[in-house]
Amino acid sequence: MVNSLLLPLCSLLISNYMRIYNIFYCLILTIISFTNLFSQNNFSGWVFDHEGNALVGATLQWRDSLSVGTVSDAEGHFEIPRIDSSVGKILIIRHVGYAQVEVEVFPYEDHLRLIVEADAVMETVEIKSTKRDAFTSTLNPINMENLSACELKRAACCSLAESFENNATVNVSHSDAVTGAREIEMLGLRGIYMQMLVENRPTLNRLGRAYGLEYIPGSWIESIQVSKGASTIRNGVQGITGQINTEIYKPHKMDPFYINLYAGHIGRFELNTNLAYKLNKQWATALLLHSNYYQGNLDHNHDMFLDVPQKQQLNGLWRLFHSSDELHLEFNVQALMDNRFGGQTAKLFEKQNHALPARLYEIKNDTRRLEAFGKLGYMGFENPLQSVALVWSFTVHDQQGKFGDRLYNALQKSGYANLIFQSPLSIDKKHNINAGVNYQLDDFTESFTDVNTSRLEQQSSLFAEYDFNHVFNADKGQSIGFILGMRGDWLQTANFQKIIPSPRFNFKYNFNENLILRASGGRGMRMPNLLIENMRYMPGSRNFIVSEVLQPEIAWNYGLNMAWNFLLGPREGSLTLDAYRTDFENQLISDVDISADEVHFYNLKGQSFSNSFLISWTQDIIKGLELRLAYKFNDVRATMNDSLRLQTFAPQHRGLLALHYVTPNKGWQFNANAQLTGPQRLPALTGTTTDLPDYRQTATAPAFVLFNAQATKYFKNGFDLYIGVENLGNYTQKAPILGFDNPFGNNPGGRAFDATAVFAPIMGAMGYAGIRYSFKPKGKEIHTEEKHKHSNGEEINIRTSARCGMCKTYIEEALEKTEGVYHAELDLKTKIVEVHYDAKKTNPDALRLVISNTGYHADDLMRNEAAHNALPECCQLN
């Protein structure tokens, strides 16, 4: 039924592409024109009583012009013409049973939510942008989604691989039926075309690709930034479709003790412990530990292969930070041991009363990884906005695999260094530049059966990036900004030396504070990793055929994005529209259509492209209830054996419905989502297929929907309890492994063994439960009026009510956007924010007011409650 609906829709979209494009273009212009017209001439808002009930019939007038007025409607909504947009004006509100209240409305405020308390005190909050657990900034020229730690708590999020269940941009799936490896997809293309970063340092992009998403535990993650399309060049141009940057908790911002225990009903256990200690004002250290264990023998489809691979992982990260006015130092060491076992076991045959075969088909993968990395930054220039930083890392990754009789052996030794200088080019901060040099060395020893890809790769780079931002109408929130970058990479291997230039451009225009249009374009380049990136074909009978010397993959990416934050009645909402195209100059083609027993690798000869369209809507339904709806259409094609075909394992349709509810007292949180995966092309089969499920006969996977749900209970003593179910509908793929009774090919006339055509879960519904505890000591008393001379101004400490990493982000960003502020740094351990500012342009009272209007207490100045209620739920638990 789903196929019958989706496939005609796809054909209709393609055949009417230009017509749809014109309608879409006109629709955007209409929305923009309407929004500009509305914001230029009127001021609007809502009036409620202290219990949240709409005040009907409230009279609103400007004090300076009583002839200009209006009355609130049945929903408490009002709309009144402005009498002046250059200075603040007093709005008078009257209602029967309440004393007259006066509120000052500033030029930059377009909408206000007004609450009349029982004692007739009016509280206000300016609604500039929606502060959600996942949000897209309306200030950044780069189309970047920010996922906070609060967003990650909507699911179990045991690792980075499980952090995108409620995200419409990034999709995660298993790549085969026996290894348990996970793969991500963005803009229609495989995750190998995204650059993985940890604290803006490239990592997990080479041998770490297969299981790397599980090398970053969820308990370590402070936030995630997903950049779509051609993003910044400072960290490399390997991200053809974008970048995923993961920020890990910093020692000086962490709670001193945190523990997370997880247990799944199938016997999966995890333990996460974070320890942090602040040695003194400048030095802090932390130890982050993770372990997981699963040794079950589950085989629900009775094919004598484990549905879930057994695994053991020990993972630790030690961090040492130093921070002062002039110097920032980070030193980190991560060590990991990861053992996995899949395939057949003797216990499976015993449990199902089957005779034990002469040989068991075993899948083994043992990984040992050691990584040292850090940063050294100097900020002691006369201009406090200038800085220079060195980002470095050294990695040793040893991975040994076994797939029946076939062996995979790999050893990677890598060194990386990136020297970056950044500086404003003007005193008004409108013009800024980043420039630097970069070097990457990778020494690989790698082989699978008779294919040897051992090599030495060197990449030397020069880059420069200029960004410009200008607000040309502060009253209407109109501004423009762009980032222009150029990077040159000199690639050196035993087979070739090439210099590859990569220009990139990002542009944004704010029609007002809530509506932004972005455009981006640029070139990306990466070296393919033939074996590790095609591990999904190793557990099977396919032979690897390499036809020629592989060249770098090069592609251009172009994109448009519109983000609109709005009010639907009194409730906040946001709408995002994305349209991206990727065109390959060269690509490594993995051709599985030539033969069912082979996979051929060769350089692209012809066209290869991806078109991706996304529409995403997030809406507050009632207080505490958020709805997220998204639909994505992907058209991914490549020339294979002289024929332009749909790419395998690339669903054309994806959808998401997510509900998030937090009770009024913030004590409970409930989350549920449904993820639609549309049809996708599978490798074609030869010979008789009448004994196989329909999808294998047509080589097209059916559409399916997965359901997930979780409930979380928050206690005031630092404890959280959570319980949930993954794959609530118990959907599983039929016959995921072909020829399971003939894995070694010993049965004459038997079907060839193939475990690679996986498009859906192998395991059904999985329940889990967990407990989190965080110890939060009381901060030391600090005399907040104490000021210290700064080389370029004054310094003050202000006590706040911040709670988490997102609180830190909101407060620091709000302060640093304030005129006259050089720098703001919040210590979550003490909840003190240290602000460096120009005393001629601002003062302590004004800085406290900025913090209050962000939703937090600032010394004795109480927080703006309405602003506080607009914060993400985890930021409100204070």
# chains A, B, ... in the order shown; residues from 1 in each chain; ligands from 1
>>> residues_around(residues="range 45-47 of chain A", least_positions_apart="4", cutoff="8 Å", atoms="only C-alpha atoms", output="ChimeraX atom specification")
/A:54-55,58,72,75-79,111-116,570
>>> select_by_dssp(residues="range 580-616 of chain A", states="strand (DSSP E or B)", output="list in words")
Tyr580, Arg581, Thr582, Asp583, Phe584, Glu585, Asn586, Leu588, Ile589, Ser590, Asp591, Glu598, Val599, His600, Phe601, Tyr602, Asn603, Ser608, Phe609, Ser610, Asn611, Ser612, Phe613, Leu614, Ile615 and Ser616 of chain A
>>> residues_around(residues="Leu279 in chain A", least_positions_apart="6", cutoff="10 Å", atoms="only C-alpha atoms", output="list in words")
His252, Thr285, Phe321 and His322 of chain A
>>> residues_around(residues="Thr689 in chain A", least_positions_apart="5", cutoff="10 Å", atoms="only C-alpha atoms", output="ChimeraX atom specification")
/A:694,696-698,751
>>> closest_residue(among="A:Tyr293, A:Tyr810, A:Leu656, A:His354", to="Phe164 in chain A", atoms="only C-alpha atoms")
A:Leu656
>>> atom_distance(atom1="CA of Asp597 in chain A", atom2="CA of Ala752 in chain A")
7.7 Å
>>> select_by_dssp(residues="range 294-405 of chain A", states="alpha helix (DSSP H)", output="number ranges by chain")
A: 346-351
>>> residues_around(residues="Trp283 in chain A", least_positions_apart="6", cutoff="12 Å", atoms="only C-alpha atoms", output="ChimeraX atom specification")
/A:250-253,276-277,319-324,327-331
>>> residues_around(residues="Asp620 in chain A", least_positions_apart="2", cutoff="10 Å", atoms="only C-alpha atoms", output="list in words")
Leu567, Leu568, Pro570, Arg571, Glu572, Gly573, Ser574, Thr618, Ile622, Lys623, Gly624, Leu625, Glu626, Leu627, Arg628, Leu659, His660 and Tyr661 of chain A
